[in-house]
Structure formats: C-alpha cells, structure tokens
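Structure file upload.cif (mmCIF, C-alpha atoms) follows.
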data_query
loop_
_atom_site.label_atom_id
_atom_site.label_comp_id
_atom_site.auth_asym_id
_atom_site.auth_seq_id
_atom_site.Cartn_x
_atom_site.Cartn_y
_atom_site.Cartn_z
CA MET A 1 139.30 65.86 225.48
CA SER A 2 136.00 64.81 224.06
CA SER A 3 135.83 62.38 221.19
CA GLY A 4 132.79 64.12 219.66
CA GLY A 5 134.69 67.32 218.85
CA GLY A 6 137.50 65.46 217.08
CA ALA A 7 135.07 63.55 214.87
CA ALA A 8 133.23 66.72 213.89
CA SER A 9 136.42 68.50 212.90
CA ALA A 10 137.60 65.44 210.93
CA SER A 11 134.36 65.29 208.95
CA ALA A 12 134.51 69.04 208.27
CA SER A 13 138.07 68.63 207.03
CA PHE A 14 136.99 65.72 204.80
CA GLU A 15 134.13 67.74 203.30
CA GLN A 16 136.47 70.62 202.48
CA HIS A 17 138.90 68.31 200.67
CA GLY A 18 136.06 66.42 199.00
CA LYS A 19 134.80 69.60 197.35
CA ARG A 20 138.12 70.34 195.71
CA ARG A 21 138.56 68.96 192.25
CA PRO A 22 141.70 68.87 190.18
CA PRO A 23 141.66 71.01 187.08
CA ALA A 24 140.01 69.29 184.09
CA PRO A 25 142.50 67.98 181.53
CA PRO A 26 142.24 69.44 178.04
CA GLY A 27 140.54 67.26 175.43
CA PRO A 28 137.79 64.65 175.81
CA SER A 29 136.64 63.76 179.30
CA SER A 30 137.73 60.53 180.96
CA GLN A 31 134.14 59.25 180.81
CA GLN A 32 134.14 59.64 177.03
CA GLN A 33 137.49 57.86 176.80
CA GLN A 34 136.23 54.99 178.95
CA ARG A 35 133.08 54.71 176.83
CA LYS A 36 135.15 54.57 173.63
CA LEU A 37 137.43 51.94 175.17
CA ARG A 38 134.45 49.79 176.23
CA LEU A 39 132.92 50.11 172.75
CA LYS A 40 136.23 49.17 171.13
CA LEU A 41 136.59 46.14 173.41
CA SER A 42 133.04 44.95 172.77
CA VAL A 43 133.54 45.17 169.00
CA GLN A 44 136.78 43.19 169.25
CA GLN A 45 135.10 40.52 171.38
CA ASP A 46 132.31 40.04 168.85
CA ASP A 47 134.73 39.65 165.93
CA ASP A 48 137.59 37.70 167.48
CA VAL A 49 136.06 35.56 170.20
CA VAL A 50 133.70 32.85 168.98
CA PRO A 51 133.23 30.18 171.63
CA PRO A 52 133.95 26.57 170.68
CA VAL A 53 131.04 24.30 169.83
CA THR A 54 130.54 20.96 171.57
CA VAL A 55 130.44 17.93 169.27
CA VAL A 56 128.49 14.97 170.62
CA LEU A 57 128.44 11.53 168.98
CA ASP A 58 125.33 9.71 170.23
CA GLY A 59 126.28 6.62 172.17
CA ARG A 60 129.63 7.96 173.38
CA CYS A 61 130.29 9.53 176.75
CA ILE A 62 133.10 11.84 175.65
CA CYS A 63 132.39 15.11 173.83
CA HIS A 64 134.79 17.09 171.68
CA ARG A 65 135.01 20.82 171.06
CA VAL A 66 135.46 22.49 167.70
CA HIS A 67 136.20 26.12 166.90
CA LEU A 68 133.98 26.71 163.88
CA ASN A 69 135.59 30.06 163.05
CA ARG A 70 138.88 28.24 162.40
CA HIS A 71 137.33 26.18 159.59
CA THR A 72 136.85 27.46 156.06
CA GLY A 73 133.55 25.71 155.41
CA TYR A 74 131.54 22.51 155.67
CA ARG A 75 134.22 20.37 153.96
CA SER A 76 136.82 21.47 156.48
CA LEU A 77 134.42 20.69 159.33
CA ALA A 78 133.60 17.28 157.79
CA ALA A 79 137.32 16.45 157.60
CA ALA A 80 137.78 17.43 161.25
CA LEU A 81 134.80 15.32 162.33
CA ARG A 82 136.14 12.36 160.40
CA ARG A 83 139.55 12.73 162.07
CA MET A 84 137.83 12.86 165.48
CA PHE A 85 135.46 9.92 165.19
CA VAL A 86 136.64 7.63 162.37
CA ASP A 87 139.89 5.68 162.27
CA ASP A 88 142.47 7.42 160.07
CA THR A 89 143.14 4.32 157.97
CA ASP A 90 139.42 3.90 157.22
CA ALA A 91 139.08 7.59 156.37
CA ALA A 92 141.90 7.45 153.84
CA ALA A 93 140.59 4.24 152.29
CA ASP A 94 136.95 5.31 151.85
CA ASP A 95 137.38 8.45 149.83
CA GLY A 96 139.87 11.27 149.70
CA GLU A 97 139.26 14.77 150.93
CA ASP A 98 137.80 15.67 147.51
CA GLY A 99 134.52 13.78 147.91
CA LEU A 100 134.13 14.50 151.62
CA ASP A 101 131.13 16.46 152.88
CA LEU A 102 128.87 16.34 155.92
CA ALA A 103 126.68 13.61 154.41
CA ASN A 104 129.54 11.09 154.36
CA ALA A 105 131.85 12.48 157.05
CA ILE A 106 130.91 9.74 159.52
CA PRO A 107 129.49 6.64 157.82
CA GLY A 108 126.05 5.62 159.08
CA HIS A 109 125.46 8.93 160.85
CA VAL A 110 123.78 12.26 160.19
CA VAL A 111 125.35 15.55 161.28
CA ALA A 112 122.86 17.90 162.93
CA TYR A 113 123.20 20.99 165.12
CA GLU A 114 121.33 22.73 167.88
CA ASP A 115 120.80 26.45 167.47
CA MET A 116 120.34 29.14 170.11
CA GLU A 117 116.68 28.13 170.59
CA ASP A 118 117.65 24.45 171.13
CA ASP A 119 116.07 23.39 167.83
CA LEU A 120 117.74 20.39 166.18
CA LEU A 121 118.44 21.09 162.50
CA LEU A 122 120.31 19.37 159.71
CA ALA A 123 123.83 20.77 159.26
CA GLY A 124 124.68 22.05 155.80
CA ASP A 125 121.41 23.86 155.08
CA LEU A 126 122.65 27.34 156.02
CA LYS A 127 125.45 29.42 154.55
CA TRP A 128 128.67 28.74 156.45
CA ASN A 129 128.87 32.16 158.17
CA ASP A 130 125.28 31.88 159.39
CA PHE A 131 125.95 28.35 160.64
CA VAL A 132 128.99 29.53 162.61
CA ARG A 133 126.92 32.30 164.16
CA VAL A 134 123.92 30.19 165.28
CA ALA A 135 125.31 26.71 166.01
CA LYS A 136 125.52 25.97 169.72
CA ARG A 137 126.14 22.21 169.65
CA ILE A 138 126.81 19.67 166.90
CA ARG A 139 125.17 16.29 167.30
CA ILE A 140 126.10 13.24 165.26
CA ILE A 141 123.08 10.96 165.19
CA PRO A 142 122.89 7.40 163.82
CA ALA A 143 121.01 7.31 160.51
CA LYS A 144 117.87 5.19 160.67
CA LYS A 145 117.03 2.63 158.07
CA SER A 146 114.23 3.49 155.68
CA SER A 147 110.80 2.78 157.18
CA ARG A 148 109.36 2.10 153.72
CA THR A 149 110.59 -1.47 153.67
CA LYS A 150 107.94 -4.17 153.38
CA LYS A 151 106.98 -5.65 156.74
CA CYS A 152 105.77 -9.20 157.31
CA GLY A 153 102.05 -9.71 156.81
CA GLY A 154 101.60 -6.43 154.96
CA GLY A 155 101.57 -7.79 151.42
CA LEU A 156 98.59 -8.73 149.20
CA ASP A 157 100.03 -12.08 148.05
CA ASN A 158 97.03 -14.16 149.21
#

Represent the structure of the file as structure tokens.
Amino acid sequence: MSSGGGAASASASFEQHGKRRPPAPPGPSSQQQQRKLRLKLSVQQDDDVVPPVTVVLDGRCICHRVHLNRHTGYRSLAAALRRMFVDDTDAAADDGEDGLDLANAIPGHVVAYEDMEDDLLLAGDLKWNDFVRVAKRIRIIPAKKSSRTKKCGGGLDN
C-alpha cells in the first residue's frame, strides 16, 4: 500500500463533502442575525456601561473610584467626595447637604477634572450629562492663596 494514494482519496472525499451545504433556513440569514445582535450589544454597552472615574486627592497615595452615572448631579458628587475625603463629623458640622456644592465639598481644595484630551478643567462648568461623558479623572487640588497680597518692599510708604 502506498501512502500517497490514501491521502489523495481522503482529500477528494473532503472536497466532495466541503461542497455540500445544508439547505438555507427560511427568513433572514445568520449573518444578518449576527450583525443585528452585535449592533444591539454595542448600543447596550454605550448606554449601560460607563466606566468609573478615578478620584485623586493631591498629596495622597490612594485613589478612589466613582461611578458618575450613579449620581444625579454635581451636588450628589460633592456629597460623595465629602464622604470620601472629609471626616463625617466635620462634614455634618460645616453645613448640611443643602448648601453643599463642588466649591465647598472639600475645604481648601478645588475640584477639577481631566477630559479625554488630558486637559485639566474646572468641574461644574459643563452640564452634568456632558461632564459624565467627557470626564476621565477627577483631581482635587489644594486652593492657592491669592497672589494679590502685598509683599514686603513693594509699597510706596517712603
């Protein structure tokens, strides 16, 4: 027996079976169904899955994550940031949830965010839905003292 003849007959048999196709099912083709399923999945991913945003307080090593789509607006985010970074007793004593916004969420700090282009912008300037869409990272930066204070030797008191 030669091994060459057996291989040739096996490949001929394979080609014959490879050319046979099962009858097409009635209705839309399986490719169309797969395309619709992929489209449906991609639409669901865009609506339901918003990745969490990293919150970084300058000067601390540990970062937190916040799901912005779970908050109703800037006040809700400010309350969450206060719970994360400020002692609960101090937060309750300073002012209630009524007067809380991003400007006073963390005393002595400014809340900023990095967008998709890595630009650092002040949080609260955009509408909430736009902010949720573009914010990549929230940074809490210490507020600097005003530079307009009078420095020594700069006066005209002579």

Practice prompt. Taking the file as shown, find all residues satisfying the PyMOL selection byres ((chain A and resi 105) around 8) and write them as a ChimeraX atom specification.
Written response: /A:78-79,81-82,100-104,106-107

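For the choices A:Trp128, A:Phe85, A:Gly73, A:Asp58, the atom-to-atom distance to A:Ala143 is smallest for A:Asp58 when using all atoms listed in the file.
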
Discussion item. Since I can't run it myself right now, could you work out what the PyMOL selection byres ((chain A and resi 53) around 6) selects here and report it as a ChimeraX atom specification?
Written reply: /A:52,54,65-66,136-137

Worksheet item: Taking all atoms listed in the file into account, which of A:Arg139, A:Gly99, A:Cys63, A:Gly108 comes nearest A:Ala123?
Response: A:Arg139

Fill in: Separation of atom CA of A:Arg70 from atom CA of A:Arg133, in Å and rounded to one decimal
12.8 Å

Worksheet entry | Distance of atom CA of A:His71 from atom CA of A:Glu117, expressed in Å to one decimal place |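 Atom CA of A:His71 lies 23.5 Å from atom CA of A:Glu117.
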
Item to complete: Go through the shown structure with the PyMOL selection byres ((chain A and resi 111) around 6) and write out the matching residues as a list in words.
Response: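 Output of the PyMOL selection byres ((chain A and resi 111) around 6): Val110, Ala112, Ala123 and Ile140 of chain A.
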
Item to complete: To one decimal in Å, tell me the separation between atom CA of A:Asp125 and atom CA of A:Tyr113.
Response: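 One can read the atom CA of A:Asp125 to atom CA of A:Tyr113 distance as 10.6 Å.
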